[in-house]
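> final.cif is reproduced in full below (mmCIF, C-alpha atoms and all ligand atoms).
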data_entry
#
loop_
_atom_site.label_atom_id
_atom_site.label_comp_id
_atom_site.auth_asym_id
_atom_site.auth_seq_id
_atom_site.Cartn_x
_atom_site.Cartn_y
_atom_site.Cartn_z
CA MET X 19 4.70 17.49 -12.68
CA ALA X 20 6.61 16.67 -9.53
CA ILE X 21 6.71 14.50 -6.46
CA VAL X 22 3.89 15.75 -4.21
CA THR X 23 2.68 14.98 -0.70
CA SER X 24 -0.64 13.20 -0.19
CA ARG X 25 -2.21 16.20 1.60
CA GLU X 26 -4.27 17.53 -1.30
CA MET X 27 -4.92 14.01 -2.64
CA PHE X 28 -6.54 13.03 0.65
CA GLN X 29 -8.60 16.22 0.97
CA LYS X 30 -10.13 15.58 -2.46
CA ALA X 31 -10.55 11.84 -1.87
CA TYR X 32 -12.31 12.41 1.45
CA ALA X 33 -14.64 15.02 -0.03
CA ASP X 34 -15.49 12.94 -3.12
CA GLY X 35 -15.78 9.50 -1.48
CA TYR X 36 -12.92 7.69 -3.19
CA ALA X 37 -9.49 6.42 -2.10
CA VAL X 38 -6.00 6.74 -3.55
CA GLY X 39 -4.17 3.48 -4.27
CA ALA X 40 -0.82 3.05 -2.52
CA PHE X 41 1.07 0.42 -4.45
CA ASN X 42 4.35 -1.15 -3.31
CA VAL X 43 7.19 -0.87 -5.81
CA ASN X 44 10.36 -2.93 -6.08
CA ASN X 45 11.58 -2.61 -9.67
CA MET X 46 11.14 -0.90 -13.03
CA GLU X 47 8.43 -3.16 -14.44
CA ILE X 48 6.22 -2.76 -11.36
CA ILE X 49 6.59 1.04 -11.46
CA GLN X 50 5.86 1.11 -15.19
CA GLY X 51 2.81 -1.16 -14.95
CA ILE X 52 1.24 0.89 -12.12
CA THR X 53 1.98 4.29 -13.59
CA GLU X 54 0.84 3.35 -17.12
CA ALA X 55 -2.58 2.43 -15.69
CA ALA X 56 -2.79 5.64 -13.65
CA LYS X 57 -1.78 7.75 -16.64
CA GLU X 58 -4.44 6.19 -18.86
CA LEU X 59 -7.11 6.74 -16.20
CA ARG X 60 -5.90 10.13 -14.87
CA SER X 61 -5.68 8.78 -11.34
CA PRO X 62 -3.69 10.20 -8.40
CA LEU X 63 -1.11 7.74 -7.15
CA ILE X 64 1.02 6.85 -4.15
CA LEU X 65 4.08 4.70 -4.84
CA GLN X 66 5.34 3.19 -1.61
CA VAL X 67 8.67 1.66 -0.76
CA SER X 68 9.24 -0.73 2.14
CA SER X 69 12.60 -1.06 3.86
CA GLY X 70 12.86 -4.45 2.11
CA ALA X 71 12.28 -2.82 -1.28
CA ARG X 72 14.93 -0.24 -0.45
CA ARG X 73 17.39 -3.00 0.46
CA TYR X 74 16.52 -4.93 -2.71
CA ALA X 75 16.57 -2.18 -5.32
CA ASN X 76 18.50 0.68 -3.61
CA HIS X 77 17.00 4.04 -2.65
CA THR X 78 18.56 5.98 -5.53
CA TYR X 79 17.46 3.51 -8.21
CA LEU X 80 13.88 3.59 -6.95
CA MET X 81 13.82 7.40 -6.73
CA LYS X 82 15.19 7.78 -10.25
CA LEU X 83 12.70 5.24 -11.64
CA ILE X 84 9.85 7.07 -9.94
CA GLU X 85 11.13 10.41 -11.24
CA ALA X 86 11.21 8.89 -14.73
CA SER X 87 7.61 7.74 -14.32
CA ILE X 88 6.56 11.31 -13.42
CA ILE X 89 8.19 12.60 -16.60
CA GLU X 90 6.51 9.89 -18.68
CA THR X 91 3.02 10.21 -17.13
CA ASP X 92 2.84 13.89 -16.17
CA LEU X 93 1.02 12.77 -13.01
CA PRO X 94 1.51 14.13 -9.49
CA ILE X 95 2.90 11.16 -7.55
CA CYS X 96 3.45 10.82 -3.81
CA VAL X 97 6.53 8.78 -2.80
CA HIS X 98 5.95 7.12 0.55
CA LEU X 99 7.98 4.99 2.99
CA ASP X 100 5.87 1.95 3.91
CA HIS X 101 6.17 0.65 7.49
CA GLY X 102 9.11 2.73 8.65
CA ASP X 103 10.08 1.29 12.02
CA THR X 104 12.74 3.71 13.27
CA PHE X 105 13.33 7.47 13.34
CA GLU X 106 16.61 6.93 11.46
CA LEU X 107 14.94 5.09 8.55
CA CYS X 108 12.27 7.80 8.25
CA LYS X 109 14.93 10.53 8.36
CA SER X 110 16.96 8.82 5.67
CA CYS X 111 13.91 8.65 3.36
CA ILE X 112 12.98 12.27 4.09
CA ASP X 113 16.56 13.40 3.40
CA GLY X 114 16.50 11.25 0.24
CA GLY X 115 13.48 12.97 -1.31
CA PHE X 116 10.40 11.01 -0.20
CA SER X 117 7.32 13.21 0.26
CA SER X 118 5.62 10.98 2.83
CA VAL X 119 6.69 8.48 5.48
CA MET X 120 4.92 5.98 7.66
CA ILE X 121 6.21 5.49 11.17
CA ASP X 122 4.76 2.22 12.34
CA GLY X 123 5.00 2.28 16.11
CA SER X 124 2.14 -0.18 16.50
CA HIS X 125 4.47 -2.83 17.96
CA HIS X 126 5.39 -0.53 20.85
CA SER X 127 3.40 0.46 23.92
CA TYR X 128 0.92 3.30 23.35
CA GLU X 129 3.14 5.92 25.01
CA ASP X 130 6.25 4.78 23.12
CA ASN X 131 4.28 4.84 19.86
CA VAL X 132 3.20 8.44 20.61
CA ALA X 133 6.76 9.54 21.45
CA LEU X 134 8.36 7.91 18.38
CA THR X 135 5.65 9.15 16.02
CA ARG X 136 5.87 12.71 17.44
CA ARG X 137 9.63 12.74 16.86
CA VAL X 138 9.23 11.69 13.22
CA VAL X 139 6.42 14.22 12.65
CA GLU X 140 8.58 17.08 13.95
CA TYR X 141 11.43 16.23 11.58
CA ALA X 142 9.13 15.48 8.63
CA HIS X 143 7.04 18.63 8.93
CA ASP X 144 10.20 20.76 9.17
CA HIS X 145 11.10 19.29 5.76
CA GLY X 146 7.66 19.57 4.09
CA VAL X 147 6.97 15.83 4.39
CA VAL X 148 3.74 14.25 5.66
CA VAL X 149 3.49 11.36 8.12
CA GLU X 150 1.22 8.31 8.50
CA GLY X 151 0.99 6.76 11.97
CA GLU X 152 -0.54 3.45 13.00
CA LEU X 153 -2.77 2.44 15.90
CA GLY X 154 -3.85 -1.16 16.30
CA ARG X 155 -2.02 -4.17 14.99
CA LEU X 156 -2.60 -6.07 11.73
CA ALA X 157 -1.93 -9.78 11.42
CA GLY X 158 0.42 -11.01 8.70
CA ILE X 159 3.98 -10.49 7.54
CA GLU X 160 5.85 -7.23 6.91
CA ASP X 161 9.53 -7.56 6.18
CA ASP X 162 10.91 -9.70 9.00
CA VAL X 163 8.06 -9.08 11.43
CA LYS X 164 5.33 -11.72 11.61
CA VAL X 165 2.25 -10.90 13.67
CA SER X 166 0.08 -13.92 14.41
CA ALA X 167 -3.71 -13.67 14.28
CA GLU X 168 -3.82 -13.94 18.10
CA ASP X 169 -1.47 -10.97 18.54
CA ALA X 170 -3.38 -8.78 16.11
CA SER X 171 -5.70 -6.21 17.66
CA TYR X 172 -8.34 -3.82 16.39
CA THR X 173 -7.80 -0.09 16.73
CA ASP X 174 -9.39 1.32 19.88
CA PRO X 175 -11.54 4.33 18.84
CA ASP X 176 -11.06 5.78 22.33
CA GLN X 177 -7.37 6.36 21.54
CA VAL X 178 -7.51 7.99 18.11
CA GLN X 179 -8.17 11.63 19.06
CA ASP X 180 -5.47 11.61 21.70
CA PHE X 181 -2.99 9.93 19.32
CA VAL X 182 -3.62 12.30 16.43
CA SER X 183 -3.52 15.47 18.54
CA ARG X 184 -0.41 14.49 20.49
CA THR X 185 1.58 13.25 17.48
CA GLY X 186 0.42 15.66 14.75
CA VAL X 187 0.21 12.87 12.15
CA ASP X 188 -1.37 13.64 8.79
CA SER X 189 -3.11 10.27 8.35
CA LEU X 190 -3.77 7.22 10.47
CA ALA X 191 -3.54 3.51 9.60
CA ILE X 192 -6.07 1.45 11.52
CA ALA X 193 -6.75 -2.24 12.11
CA ILE X 194 -10.32 -3.35 11.35
CA GLY X 195 -9.69 -6.93 10.22
CA THR X 196 -7.49 -6.61 7.14
CA SER X 197 -4.07 -8.29 7.24
CA HIS X 198 -0.89 -8.49 5.20
CA GLY X 199 -0.15 -11.22 2.70
CA ALA X 200 -2.26 -13.68 0.71
CA TYR X 201 -3.97 -15.55 3.56
CA LYS X 202 -6.30 -13.08 5.20
CA PHE X 203 -9.31 -15.19 6.19
CA LYS X 204 -9.75 -18.89 6.84
CA PRO X 205 -10.93 -20.65 3.65
CA GLY X 206 -14.65 -21.34 3.86
CA THR X 207 -15.34 -18.52 6.34
CA LYS X 208 -17.03 -15.27 5.38
CA PRO X 209 -14.57 -12.35 5.22
CA GLN X 210 -15.56 -9.65 7.69
CA LEU X 211 -14.28 -6.16 8.43
CA ARG X 212 -15.25 -4.08 11.49
CA PHE X 213 -17.02 -1.23 9.72
CA ASP X 214 -18.52 -0.28 13.09
CA ILE X 215 -15.01 0.59 14.32
CA LEU X 216 -14.29 2.56 11.15
CA GLU X 217 -17.54 4.51 11.61
CA GLU X 218 -16.69 5.26 15.22
CA ILE X 219 -13.21 6.46 14.27
CA GLU X 220 -14.70 8.60 11.51
CA SER X 221 -17.04 10.27 13.99
CA ARG X 222 -14.18 10.94 16.44
CA LEU X 223 -11.94 12.39 13.70
CA PRO X 224 -14.23 14.12 11.22
CA GLY X 225 -12.50 14.86 7.90
CA PHE X 226 -9.30 13.05 8.91
CA PRO X 227 -7.77 10.62 6.35
CA ILE X 228 -7.69 6.96 7.37
CA VAL X 229 -5.42 4.32 5.81
CA LEU X 230 -6.19 0.67 5.17
CA HIS X 231 -3.23 -1.69 5.03
CA GLY X 232 -3.45 -5.33 3.99
CA ALA X 233 -6.05 -4.49 1.37
CA SER X 234 -5.25 -6.86 -1.49
CA SER X 235 -8.19 -8.85 -2.78
CA VAL X 236 -5.87 -11.79 -3.54
CA VAL X 237 -7.29 -11.94 -7.07
CA PRO X 238 -8.43 -15.59 -7.49
CA LYS X 239 -7.48 -15.66 -11.20
CA PHE X 240 -3.80 -15.21 -10.33
CA VAL X 241 -3.79 -17.79 -7.53
CA GLU X 242 -5.40 -20.27 -9.94
CA MET X 243 -2.81 -19.49 -12.62
CA ILE X 244 0.07 -19.95 -10.17
CA ASN X 245 -1.28 -23.36 -9.18
CA ARG X 246 -2.13 -24.35 -12.76
CA TYR X 247 1.48 -23.74 -13.77
CA GLY X 248 3.22 -25.67 -11.04
CA GLY X 249 2.65 -23.58 -7.91
CA GLN X 250 1.37 -25.01 -4.66
CA MET X 251 -0.41 -22.13 -2.96
CA PRO X 252 -2.97 -23.20 -0.36
CA ASP X 253 -6.45 -21.65 -0.55
CA ALA X 254 -5.93 -17.91 -0.31
CA VAL X 255 -8.66 -15.42 0.62
CA GLY X 256 -8.39 -11.65 0.36
CA ILE X 257 -10.58 -8.61 1.02
CA PRO X 258 -13.70 -8.60 -1.17
CA GLU X 259 -13.70 -5.68 -3.60
CA GLU X 260 -17.12 -4.42 -2.46
CA MET X 261 -15.80 -4.02 1.10
CA LEU X 262 -12.86 -1.96 -0.13
CA ARG X 263 -15.22 0.15 -2.23
CA LYS X 264 -17.38 0.74 0.84
CA ALA X 265 -14.33 1.77 2.91
CA ALA X 266 -13.22 4.14 0.12
CA GLY X 267 -16.61 5.85 0.33
CA MET X 268 -16.06 6.38 4.06
CA ALA X 269 -13.03 7.96 5.77
CA VAL X 270 -10.50 5.63 4.12
CA CYS X 271 -8.43 7.76 1.72
CA LYS X 272 -5.44 5.42 1.14
CA ILE X 273 -5.67 1.72 0.30
CA ASN X 274 -2.44 -0.31 0.36
CA ILE X 275 -1.86 -3.02 -2.22
CA ASP X 276 1.20 -5.20 -2.59
CA SER X 277 0.24 -8.89 -2.60
CA ASP X 278 -1.97 -8.50 -5.69
CA LEU X 279 1.00 -7.05 -7.58
CA ARG X 280 3.17 -9.97 -6.55
CA LEU X 281 0.52 -12.49 -7.55
CA ALA X 282 -0.10 -10.85 -10.95
CA MET X 283 3.60 -10.80 -11.75
CA THR X 284 4.36 -14.32 -10.57
CA ALA X 285 1.30 -15.87 -12.27
CA THR X 286 2.20 -14.28 -15.60
CA VAL X 287 5.84 -15.34 -15.43
CA ARG X 288 4.83 -18.91 -14.55
CA GLU X 289 2.41 -18.96 -17.49
CA HIS X 290 5.16 -17.80 -19.81
CA PHE X 291 7.57 -20.52 -18.73
CA ALA X 292 4.88 -23.20 -19.00
CA GLU X 293 4.35 -22.20 -22.63
CA TYR X 294 7.99 -21.52 -23.55
CA PRO X 295 10.11 -23.68 -21.22
CA SER X 296 13.34 -23.11 -23.13
CA HIS X 297 13.15 -19.36 -23.75
CA PHE X 298 15.53 -17.24 -21.69
CA ASP X 299 15.14 -13.62 -22.75
CA PRO X 300 13.92 -11.77 -19.60
CA ARG X 301 12.02 -9.25 -21.74
CA GLU X 302 9.76 -12.06 -22.94
CA TYR X 303 8.42 -12.73 -19.46
CA LEU X 304 8.76 -9.30 -17.89
CA ASN X 305 6.74 -7.67 -20.67
CA PRO X 306 3.54 -9.70 -20.01
CA ALA X 307 4.16 -9.41 -16.25
CA ARG X 308 4.20 -5.62 -16.58
CA ALA X 309 1.04 -5.72 -18.70
CA ALA X 310 -0.72 -7.88 -16.09
CA ILE X 311 0.17 -5.35 -13.39
CA ARG X 312 -1.12 -2.51 -15.58
CA ASP X 313 -4.46 -4.25 -16.21
CA MET X 314 -4.92 -5.26 -12.57
CA VAL X 315 -4.16 -1.73 -11.32
CA ALA X 316 -6.52 -0.25 -13.92
CA HIS X 317 -9.27 -2.53 -12.61
CA LYS X 318 -8.58 -1.42 -9.02
CA ILE X 319 -8.61 2.27 -9.95
CA VAL X 320 -12.00 2.05 -11.64
CA LYS X 321 -13.83 -0.67 -9.70
CA VAL X 322 -12.35 -0.47 -6.19
CA LEU X 323 -10.73 2.90 -5.52
CA GLY X 324 -12.93 5.12 -7.71
CA SER X 325 -9.91 7.39 -8.32
CA ASN X 326 -10.15 7.61 -12.12
CA ASP X 327 -10.46 11.08 -13.71
CA LYS X 328 -9.45 12.83 -10.48
CA VAL X 329 -6.27 14.50 -11.79
O1 LIG X 401 3.19 -4.54 4.26
C1 LIG X 401 4.21 -4.94 3.72
C2 LIG X 401 4.37 -4.81 2.26
O2 LIG X 401 3.68 -5.82 1.58
C3 LIG X 401 5.82 -4.80 1.92
O3 LIG X 401 6.37 -6.06 1.98
O4 LIG X 401 8.31 -5.66 3.45
O5 LIG X 401 8.19 -7.71 1.99
O6 LIG X 401 8.58 -5.45 0.99
P1 LIG X 401 7.98 -6.24 2.13
P1 LIG X 402 -1.35 -6.63 1.07
O1 LIG X 402 -0.43 -7.68 1.56
O2 LIG X 402 -2.79 -6.96 1.36
O3 LIG X 402 -1.16 -6.28 -0.37
O4 LIG X 402 -1.05 -5.29 1.91
C1 LIG X 402 0.02 -4.45 1.55
C2 LIG X 402 0.30 -3.42 2.57
O5 LIG X 402 -0.44 -3.17 3.49
C3 LIG X 402 1.54 -2.66 2.43
O6 LIG X 402 1.78 -1.81 3.50
ZN ZN X 403 1.05 -2.52 5.38
#
For the file at hand, write its structure as structure tokens.

Amino acid sequence: MAIVTSREMFQKAYADGYAVGAFNVNNMEIIQGITEAAKELRSPLILQVSSGARRYANHTYLMKLIEASIIETDLPICVHLDHGDTFELCKSCIDGGFSSVMIDGSHHSYEDNVALTRRVVEYAHDHGVVVEGELGRLAGIEDDVKVSAEDASYTDPDQVQDFVSRTGVDSLAIAIGTSHGAYKFKPGTKPQLRFDILEEIESRLPGFPIVLHGASSVVPKFVEMINRYGGQMPDAVGIPEEMLRKAAGMAVCKINIDSDLRLAMTATVREHFAEYPSHFDPREYLNPARAAIRDMVAHKIVKVLGSNDKV
């Protein structure tokens, strides 16, 4: 098997009413945990790398780890740049072997977003790489950019046809009420997503793959574990699984998950140190952390994404 684009993955996902998980990767244990689950369940997979992940682990290390996971799993895997913010960053990832890039021009004016996205699409398509664009603005934190709830804005369905036809993007990330990080809704309030906007976008772009960022459920078990073992996380509320399942049955073909991976890993490491405060072999805590990621991803594949047995 090889690194593939998401083109065929999305066509199948759209037709069959499921979504492909796009999981953020930063190191070997995270890549192994995710890909072991996908191998077991024969699920298509997108491994995505943020600019922060690239700074942390180095492009070449991440590529080689992902290539190793393809050899070990025999799965087709799409390697995607998450939240690329400049043409140069996208170009560097394309030149370095990624099969998909996101150009996130959502912080710019509409016309500047169109122009930047179009430029990336031209370069990417010349190199056999697919592109995700973004319209609308999610709240939360990505790398060094923090968007407050007041500055967040839903995607305007009136803009999507124009944006897709003028840019040539292969998929579109939209804002319907999800947000990045662990604190998505006020504690005590009922989580809500604008499915009416998603439906409207779906009718304006029939058959076109939509992407949902900020889609961690903020698994309560892991938040509780973190706090039980010395953490001090305030009440955290994520996207209910049934809402993600509903979106996966609609036009949403890619669901982005990072915070749940971070929570699973951190909760497990904290638990280990609570039980064995004087142990210091990293394998002792990274092994259960990797297993927790594997089990959590397996749960998502079967219960949320519906992408099992699709390879
Ligand atoms: O949406 C952002 C992802 O969770 C990546 O986060 O930029 O801190 O690596 P990061
Ligand atoms: P979460 O913070 O909800 O995991 O979202 C991750 C994401 O959208 C990565 O692009
Ligand atoms: Zn995102």
> For a cut-off of 12 Å around (6.0, -4.0, -3.6), file coordinates, pick out all residues using all atoms listed in the file and list them as JSON, numbers by chain.
{"X": [40, 41, 42, 43, 44, 45, 46, 47, 48, 49, 52, 64, 65, 66, 67, 68, 69, 70, 71, 72, 74, 75, 80, 98, 99, 100, 160, 161, 199, 234, 274, 275, 276, 277, 278, 279, 280, 281, 282, 283, 311]}
> Hey, can you check how far atom CA of Glu54 of chain X sits from atom CA of Val38 of chain X?
15.6 Å
> Considering all atoms listed in the file, state which residue in the set X:Ile21, X:Phe116, X:Asn305, X:Val270 is at the smallest distance from Ala86 of chain X.
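Under the stated criterion, the closest residue is X:Ile21.
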> Which is closest to ligand LIG 401 (chain X) among X:Ile89, X:Leu230, X:Leu153, X:Ile319, if we use all atoms listed in the file?
X:Leu230
> Restricting the calculation to all atoms listed in the file: of X:Val147, X:Ala233, X:Met81, X:Leu63, which residue gets closest to Ala31 of chain X?
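Under the stated criterion, the closest residue is X:Leu63.
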> Please determine, counting all atoms listed in the file, which residue among X:Glu90, X:Asp122, X:Glu26, X:Glu152 has the shortest atom-to-atom distance to Ala193 of chain X.
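Of the candidates, the smallest distance to Ala193 of chain X is held by X:Glu152.
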> Of the residues X:His198, X:Arg288, X:Lys57, X:Arg212, which is the one nearest to ligand ZN 403 (chain X), using all atoms listed in the file?
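Smallest distance to ligand ZN 403 (chain X) is found for X:His198.
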> Give the answer as one residue: which of X:Ala37, X:Leu223, X:Ile257, X:Met243 has the shortest atom-to-atom distance to ligand LIG 402 (chain X), using only C-alpha atoms and all ligand atoms?
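Of X:Ala37, X:Leu223, X:Ile257, X:Met243, the one nearest ligand LIG 402 (chain X) is X:Ile257, counting only C-alpha atoms and all ligand atoms.
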